[in-house]
Each structure stands twice: as C-alpha cells, then as structure tokens.
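Before any comments, here is the structure.
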Amino acid sequence: MTDRLYLKDSECLECSARVLKVIRVDEGYEVVLNRSPFYPETGGQGSDRGWLDDEPVLEVRLEGDQVFHRTARPVKPGLVRCRVDGHRRMDQMQQHSGQHVLSQVFIDLLGAPTRAFHLGERSSTIDLDLQGTVSKTQDRGSWYREGRERGKELEDAQLALAEAEANDVVRQALPVRITAPTVAELAEAPDLSAIGGAHLRIVDIHGLNRSLCCGTHVRSTAEIGPIKILSFERRGSLWRVEFLCGYRSQMHYGKLHRMAQQLTRLCSAPPERLAEAVEELLALRLDGSRRLNQLRRDLADVHAELAAQRALDLGDVKLAELVTSRLSEKELRLVGERLALLHRCAFVGGIAQEGKAKTSIVLSLPAGSPLHAGQILDRILPMLGGRGGGRPELAQGGVPASSLRPAMEKIRAELARQLGQGRP
Ligand SMILES: [Zn+2]
C-alpha cells in the first residue's frame, strides 16, 4: 500500500520514498511507492503533477490503497525524491476550497445543495439543486430549509449576491482544519459510504461549514483569493455554475483588462463607454451597408442601360452582353435582373479578372421566356471544361478563364437556335 501523505497534510509537497514496483503501460510506466505526497485524480479534483527524481510525473491515479504515478520513462529501483508541482497544487487547492465556500453560500442564500463538482483545467463547475434538500453534512444547522418554498430559476442577481458573500468569506480569513472523521461522525453521515468514507476527511471551515471531502485544501479562506462566477445554465433539473478562484481569477481579470485596453484604443472610447461606441459602430455599418446596396442597384441600372443600348437582336428577344473585371458575381446577377426587368433583355455576362484561372458566367432571361437559363448553362459549360446551372430566369456557372469568350459565343448561338426553332 501507499502511505498517502496528502491526506494528513495538504502542505506536504516533497518527500523521499521507496519504489515498490514499476509497471510498463501503454502510455509509459506506472510507479508505485511506499509513500507519496501526490494527490491522485478523485472527488472532482484532478491529479497532481511533479517529478520522481528528475522524471516528470504525468498523471496520478488511485487503485485500492495504491497510488500509481505515470511517467514517460522508468525510474530506478531504490529511493526516489518526490516533488509535487506546488503551483498546480496551490491552484487546485484554491479551486477546491473555493468550491466549499461557494457551495455553502448557495445553501445559505437559496437552500440549494451542490450535487456535483468538477475542477477543470480552465474553470470549475458546481451543479446546484434548487429543489433539493440540504443534507446534514452540508447544513449549518439552525436554518435547515427542508420543505421550504424556493424559487426554481437561478437569476443574475442571486449569482451576484452569492459571489459577494463568497468573497466576504475569503476576506474573513477563516481557518480551515482537516481531520479524520471519528467512527461516531461517520455513523452520523449515511451518505458517506457511497463516496468511500475511508478516504474522506472532515474539512472544517471555521464558523462556515464542515464537510466531508477527499481533496486538498488551503489553511485559511484568505488563500483562496478572489472568487469569480463566470456563467450559469440549466442542466436538466440542476443549475450548473461555472467559477474561478485565486490565480485563475487574477489571470481572467488580466485578460479582460488587456481586451478592454485594446478595444479602448480601437474604438477611441473609455472602457465605460465601450458598449455605446460599439453600438454606434454597428449603426454606422448598417447605414453603410444600406447605402452600398442602393449604390449597387444604381450601378447595375447604369450597366443595364449601357448594355441594352448595344443589345443584339435575336428575333423574339434582345441579348445584352457584358464582360467586366470590376463587378462581383452578385453585382453581375443584379445587372442581369435589372436588364430583364427594365429592358426585357436576355443577358450573358462574364467576369474577366487578370491572374484568375476560373471565371464566372451569368445568364438571365426576361420573365415569361420559353427558354431555361439553368438548362442552357448546364449543357454548354461542361463542353468547355466548366459547369453551371440554376433557375429558368437566372443561372450561373464557371469556366476556365481562357474559355470565357468561346462560352459566351456558344450561349449566344444556343439562344438564337432555340428562339429560331420557336418561331412559326
Ligand atoms: Zn473538498
């Protein structure tokens, strides 16, 4: 078995230990020691990292009463020096102890017990039961709220209040004491056996709460540092609250601060006016896009007018043509639509852009035409190494740039042929 030092002392980060066995596994080696300060992943808290001599410990797990330390290479038999990564351990203790505080605050404010806790690599979550009853181990005693009516929706204002209360507990620097539960205490807590009573400790945050837990914890609530609630969402019958503590809150604040500074520069507005400045920018953009659309329509009308003046007479219908490098596909389609509507002209247009291997072709026909633009492009463009298709009145396709002129000629000939056939 492994003597688990973290159970007695969350501050213990180094020791020497005897290697009991080294096992080859898929992702390296697992080392079992006679004693270990390493916390294995359990109870919602991730495992410690660190070193066995100079060999990095990648993951730590508990099986039965043995702790398995995974390494990339095997360690030598005999004695090893164990060193836990203190920064990571402190971070985990801040998140985990902060969870105890937050969970108690939600019991105090809403009578909502925590049903699940997850300590993530970036943020942590607790799942609150707003309709639940508070168990004896979570309850402070005098205000036991079982059966009392409670609101079922979590709201922003409640979260803000909970965050403020939790940070008050931090400021009070309440001592945190960890003890092994007595037989009598274990007997009084029937929900313990389900989570493995033998590994549990009583975490006593002086004057706030006593809870049973297997994680590592700080010595005083002051060490938790700032607690920040990030978000909340409904998860089935529970409410998931995402939060950060300590260094993570500081990092988060730093990130937001840098973002605000950047936006302040970009918008030329102080942080308190950023939202207003962004709203103004969005309004300007909307106005600009409306104006641009109007100008596009006007431009399309001008192109349509000029193309109509040069249109070829195919008998029943006139055909306007345009090759341009200045218009987008959307604008070219608009020219076709305007020619059909204002001049009752068929239209074939192409975009010839220098350096581009492919080019776009648009074919449009006036409403009521017996021809089908989509079918015409679908038949002709593949002959020239391209493809196309679309509706009866408007179709689009693409061909290699060198085939633009031949494609337009083929389309013109096809229109003339079909219209010729249609004549009496
Ligand atoms: Zn805990």
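Starting from 1 in every chain, residues are counted up; chains themselves are A, B, ... following the order of the structure tokens, and ligands are numbered from 1 as listed.
If you count only C-alpha atoms and ignore residues fewer than 2 places along the chain from region 150-165 of chain A, what sits within 6 Å of it is A:Leu130, A:Asn167, A:Asp168.
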Residues within 7 Å of ligand 1 should be enumerated using only C-alpha atoms and all ligand atoms and returned as a CSV table (one decimal) with N, CA and C atoms, in the first residue's frame.
```csv
chain,number,residue,atom,x,y,z
A,96,HIS,N,-10.7,24.1,-5.2
A,96,HIS,CA,-11.4,23.2,-4.4
A,96,HIS,C,-12.0,23.8,-3.1
A,97,SER,N,-11.1,24.6,-2.4
A,97,SER,CA,-11.6,25.2,-1.2
A,97,SER,C,-12.6,26.3,-1.5
A,100,HIS,N,-16.0,24.8,-1.7
A,100,HIS,CA,-16.6,24.6,-0.4
A,100,HIS,C,-17.3,25.8,0.1
A,203,VAL,N,-13.4,18.6,6.5
A,203,VAL,CA,-12.9,19.9,6.2
A,203,VAL,C,-13.7,20.9,6.9
A,213,CYS,N,-14.7,15.3,2.6
A,213,CYS,CA,-14.1,15.5,1.3
A,213,CYS,C,-12.8,14.8,1.3
A,214,CYS,N,-12.3,14.4,0.1
A,214,CYS,CA,-11.1,13.7,-0.1
A,214,CYS,C,-10.0,14.6,-0.7
A,215,GLY,N,-10.3,15.9,-1.0
A,215,GLY,CA,-9.4,16.7,-1.8
A,215,GLY,C,-8.4,17.4,-0.9
A,216,THR,N,-7.6,18.3,-1.5
A,216,THR,CA,-6.6,19.0,-0.8
A,216,THR,C,-7.1,20.5,-0.6
A,217,HIS,N,-6.8,21.1,0.5
A,217,HIS,CA,-7.4,22.4,0.8
A,217,HIS,C,-6.4,23.4,1.4
```
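CA of Val57 (chain A) to CA of Phe243 (chain A) spans 27.5 Å [interatomic distance, one decimal].
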Which of region 278-394 of chain A fall in alpha helix (DSSP H), as an NGL selection string: :A and (278-309 or 329-343 or 373-380)
Contact residues around Asp204 (chain A) with only C-alpha atoms at 6 Å, ignoring same-chain residues under 3 positions, as a PyMOL selection string: chain A and resi 176-177+210
With C-alpha atoms retained, write the just-selected residues as a PDB file, in the first residue's frame.
```
ATOM      1  CA  VAL A 176      -9.525  25.636   7.597  1.00  0.00           C
ATOM      2  CA  ARG A 177      -8.883  22.496   9.665  1.00  0.00           C
ATOM      3  CA  ARG A 210     -17.940  21.196   7.971  1.00  0.00           C
TER       4      ARG A 210
END
```
Could you list, as an mmCIF file with N, CA and C atoms, in the first residue's frame, every residue within 10 Å of Ala357 (chain A), counting only C-alpha atoms and ignoring same-chain residues fewer than 2 positions away?
```
data_model
loop_
_atom_site.group_PDB
_atom_site.id
_atom_site.type_symbol
_atom_site.label_atom_id
_atom_site.label_comp_id
_atom_site.auth_asym_id
_atom_site.auth_seq_id
_atom_site.Cartn_x
_atom_site.Cartn_y
_atom_site.Cartn_z
ATOM 1 N N ALA A 352 -13.915 38.838 -66.145
ATOM 2 C CA ALA A 352 -12.564 38.507 -66.599
ATOM 3 C C ALA A 352 -11.569 39.184 -65.680
ATOM 4 N N GLN A 353 -11.071 38.445 -64.701
ATOM 5 C CA GLN A 353 -10.109 39.049 -63.773
ATOM 6 C C GLN A 353 -8.729 38.506 -64.062
ATOM 7 N N GLU A 354 -7.769 39.412 -64.196
ATOM 8 C CA GLU A 354 -6.412 39.016 -64.554
ATOM 9 C C GLU A 354 -5.812 38.124 -63.467
ATOM 10 N N GLY A 355 -5.125 37.096 -63.902
ATOM 11 C CA GLY A 355 -4.445 36.227 -62.951
ATOM 12 C C GLY A 355 -5.326 35.155 -62.352
ATOM 13 N N THR A 359 -13.320 31.727 -64.280
ATOM 14 C CA THR A 359 -14.123 32.930 -64.428
ATOM 15 C C THR A 359 -15.603 32.576 -64.307
ATOM 16 N N VAL A 399 -16.153 28.744 -65.909
ATOM 17 C CA VAL A 399 -15.330 28.057 -66.909
ATOM 18 C C VAL A 399 -13.884 28.514 -66.713
ATOM 19 N N PRO A 400 -12.912 27.777 -67.260
ATOM 20 C CA PRO A 400 -11.525 28.286 -67.230
ATOM 21 C C PRO A 400 -11.490 29.656 -67.912
ATOM 22 N N ALA A 401 -10.638 30.552 -67.403
ATOM 23 C CA ALA A 401 -10.620 31.938 -67.884
ATOM 24 C C ALA A 401 -10.484 32.017 -69.409
ATOM 25 N N SER A 402 -9.661 31.109 -70.000
ATOM 26 C CA SER A 402 -9.422 31.166 -71.454
ATOM 27 C C SER A 402 -10.682 30.808 -72.254
#
```
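When CA of Glu233 (chain A) is paired with CA of Ser211 (chain A), their separation reads 25.4 Å.
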Every residue of region 249-377 of chain A that DSSP places in strand (DSSP E), as a ChimeraX atom specification: /A:312-313,318-324,345-351,358-364
Convert the current residue selection to file output with C-alpha atoms, as a PDB file, in the first residue's frame.
```
ATOM      1  CA  LEU A 312     -28.163  42.129 -80.251  1.00  0.00           C
ATOM      2  CA  ASP A 313     -31.487  41.400 -81.857  1.00  0.00           C
ATOM      3  CA  LYS A 318     -32.734  41.037 -77.411  1.00  0.00           C
ATOM      4  CA  LEU A 319     -29.449  39.800 -75.935  1.00  0.00           C
ATOM      5  CA  ALA A 320     -27.216  42.137 -73.959  1.00  0.00           C
ATOM      6  CA  GLU A 321     -23.621  41.116 -73.229  1.00  0.00           C
ATOM      7  CA  LEU A 322     -21.040  42.373 -70.788  1.00  0.00           C
ATOM      8  CA  VAL A 323     -17.511  41.306 -69.865  1.00  0.00           C
ATOM      9  CA  THR A 324     -16.131  43.133 -66.869  1.00  0.00           C
ATOM     10  CA  CYS A 345     -33.435  41.759 -72.431  1.00  0.00           C
ATOM     11  CA  ALA A 346     -31.691  38.400 -72.076  1.00  0.00           C
ATOM     12  CA  PHE A 347     -28.225  38.830 -70.629  1.00  0.00           C
ATOM     13  CA  VAL A 348     -24.969  36.931 -70.627  1.00  0.00           C
ATOM     14  CA  GLY A 349     -22.162  38.371 -68.555  1.00  0.00           C
ATOM     15  CA  GLY A 350     -18.672  37.253 -67.566  1.00  0.00           C
ATOM     16  CA  ILE A 351     -16.051  38.371 -65.098  1.00  0.00           C
ATOM     17  CA  LYS A 358     -11.511  30.467 -63.391  1.00  0.00           C
ATOM     18  CA  THR A 359     -14.123  32.930 -64.428  1.00  0.00           C
ATOM     19  CA  SER A 360     -17.843  33.287 -63.620  1.00  0.00           C
ATOM     20  CA  ILE A 361     -20.663  33.451 -66.157  1.00  0.00           C
ATOM     21  CA  VAL A 362     -24.211  34.696 -65.542  1.00  0.00           C
ATOM     22  CA  LEU A 363     -27.163  34.097 -67.845  1.00  0.00           C
ATOM     23  CA  SER A 364     -30.526  35.777 -67.230  1.00  0.00           C
TER      24      SER A 364
END
```
Residues near Ala173 (chain A), cut-off 6 Å, only C-alpha atoms, skip fewer than 6 positions along chain, as an MDAnalysis selection string: chainID A and resid 220:222
Shell of 6 Å around His206 (chain A), only C-alpha atoms, local chain residues under 2 positions omitted, as a VMD selection string: chain A and resid 174 to 175 204 208
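Distance annotation: of A:Ala260, A:Cys82, A:Val19, A:Val67, the residue with the minimal separation from Asp54 (chain A) is A:Cys82; atom set is only C-alpha atoms.
A straight line drawn from CA of Arg83 (chain A) to CA of Val170 (chain A) is 28.7 Å long.
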Per-residue nearest contacts region 49-109 of chain A to region 20-24 of chain A, cut-off 12 Å, using only C-alpha atoms, as CSV:
```
residue,atom,partner,partner_atom,distance
A:Gln66,CA,A:Leu20,CA,10.3
A:Val67,CA,A:Leu20,CA,10.8
A:Phe68,CA,A:Val22,CA,9.2
A:His69,CA,A:Val22,CA,9.3
A:Arg70,CA,A:Ile23,CA,9.3
A:Thr71,CA,A:Val22,CA,9.8
A:Ala72,CA,A:Arg24,CA,9.9
A:Arg73,CA,A:Arg24,CA,9.3
A:Pro74,CA,A:Val22,CA,6.8
A:Val75,CA,A:Val22,CA,7.4
A:Lys76,CA,A:Val22,CA,8.7
A:Pro77,CA,A:Leu20,CA,7.8
A:Gly78,CA,A:Leu20,CA,8.2
A:Leu79,CA,A:Leu20,CA,9.6
A:Val80,CA,A:Leu20,CA,10.7
```
